[in-house]
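Enquirer: Questions regarding the structure given below will be posed in turn.
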Amino acid sequence: MPVLAYMLTLVCALLLHLFVTLMVILKMFSGLSPITFLKKIRPAQSFAFSTASLDTIIPVTLRCVTEGMGAKNSVASFCFGATINMDGTAIMQGVAMVFLQLSMASTLGWAGI
């Protein structure tokens with residue numbers, strides 16, 4: 001049961017981050033509607049969920065961003081040239097740390113952080 005609680009907490013935190021935090025940042029800095037963005041990036045998302053290779057998804061994502069959203073190729077190539085957006089991993093690490101502390105019946109105070 002604790003593992004199920006961990007998984008649900010992690011999924012909820014990641015969905016909250018995706019649909020609230022990232023969409024607010026998208027709207028604030030690009031002016032693009034989150035709904036429009038999600039519709040135009042859908043081919044890349046579908047392909048990404050069907051493969052585990054970063055090398056195969058980059059060209060599809062670049063095409064969605066340049067042709068579908070009108071971004072300049074130089075800007076899109078620069079952004080996708082490095083590994084970015086690792087915040088989901090950071091969320092998972094934080095949730096895992098709290099889960100491990102609670103599963104060992106230990107409390108984590110400010111001194112332990």
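Just remember, in the structure tokens the first chain shown is A, the second B, etc., residues are 1-based per chain, and ligands are 1-based in the order shown.
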At a cut-off of 6 Å, using only C-alpha atoms, what residues contact stretch 43-47 of chain A? Leave out same-chain residues fewer than 2 positions from it and give the result as a CSV table (one decimal) with N, CA and C atoms, in the first residue's frame.
Expert:
chain,number,residue,atom,x,y,z
A,41,ILE,N,1.8,19.9,-30.6
A,41,ILE,CA,2.9,19.0,-30.2
A,41,ILE,C,2.5,17.6,-30.1
A,49,PHE,N,6.0,8.6,-26.7
A,49,PHE,CA,5.5,7.5,-25.8
A,49,PHE,C,5.7,6.1,-26.4
A,50,SER,N,5.9,6.1,-27.8
A,50,SER,CA,6.0,4.8,-28.4
A,50,SER,C,7.4,4.3,-28.6
A,60,VAL,N,11.3,14.7,-35.0
A,60,VAL,CA,9.9,14.9,-35.0
A,60,VAL,C,9.5,16.1,-34.2
A,61,THR,N,10.1,16.3,-33.1
A,61,THR,CA,9.8,17.5,-32.2
A,61,THR,C,10.2,18.8,-32.9
Enquirer: If you count only C-alpha atoms, which residues fall within 8 Å of stretch 94-104 of chain A, apart from same-chain ones fewer than 3 positions away, as a VMD selection string?
Expert: chain A and resid 2 6 9 to 10 90 to 91 107 to 108
Enquirer: Closest to A:Phe78 among A:Leu62, A:Gly31, A:Met92, A:Thr36, using only C-alpha atoms?
Expert: A:Leu62
Enquirer: Hey, can you check how far atom CA of A:Met23 sits from atom CA of A:Thr89?
Expert: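 Answer for the atom CA of A:Met23 to atom CA of A:Thr89 separation: 18.1 Å.
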Enquirer: I need the helix (DSSP H, G or I) residues of stretch 13-101 of chain A per DSSP on the backbone, written as a VMD selection string.
Expert: chain A and resid 13 to 30 34 to 50 54 to 69 73 to 79 87 to 101
Enquirer: Work out how far atom CA of A:Thr56 is from atom CA of A:Lys72, in Å to one decimal.
Expert: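 Interatomic distance here is 20.6 Å.
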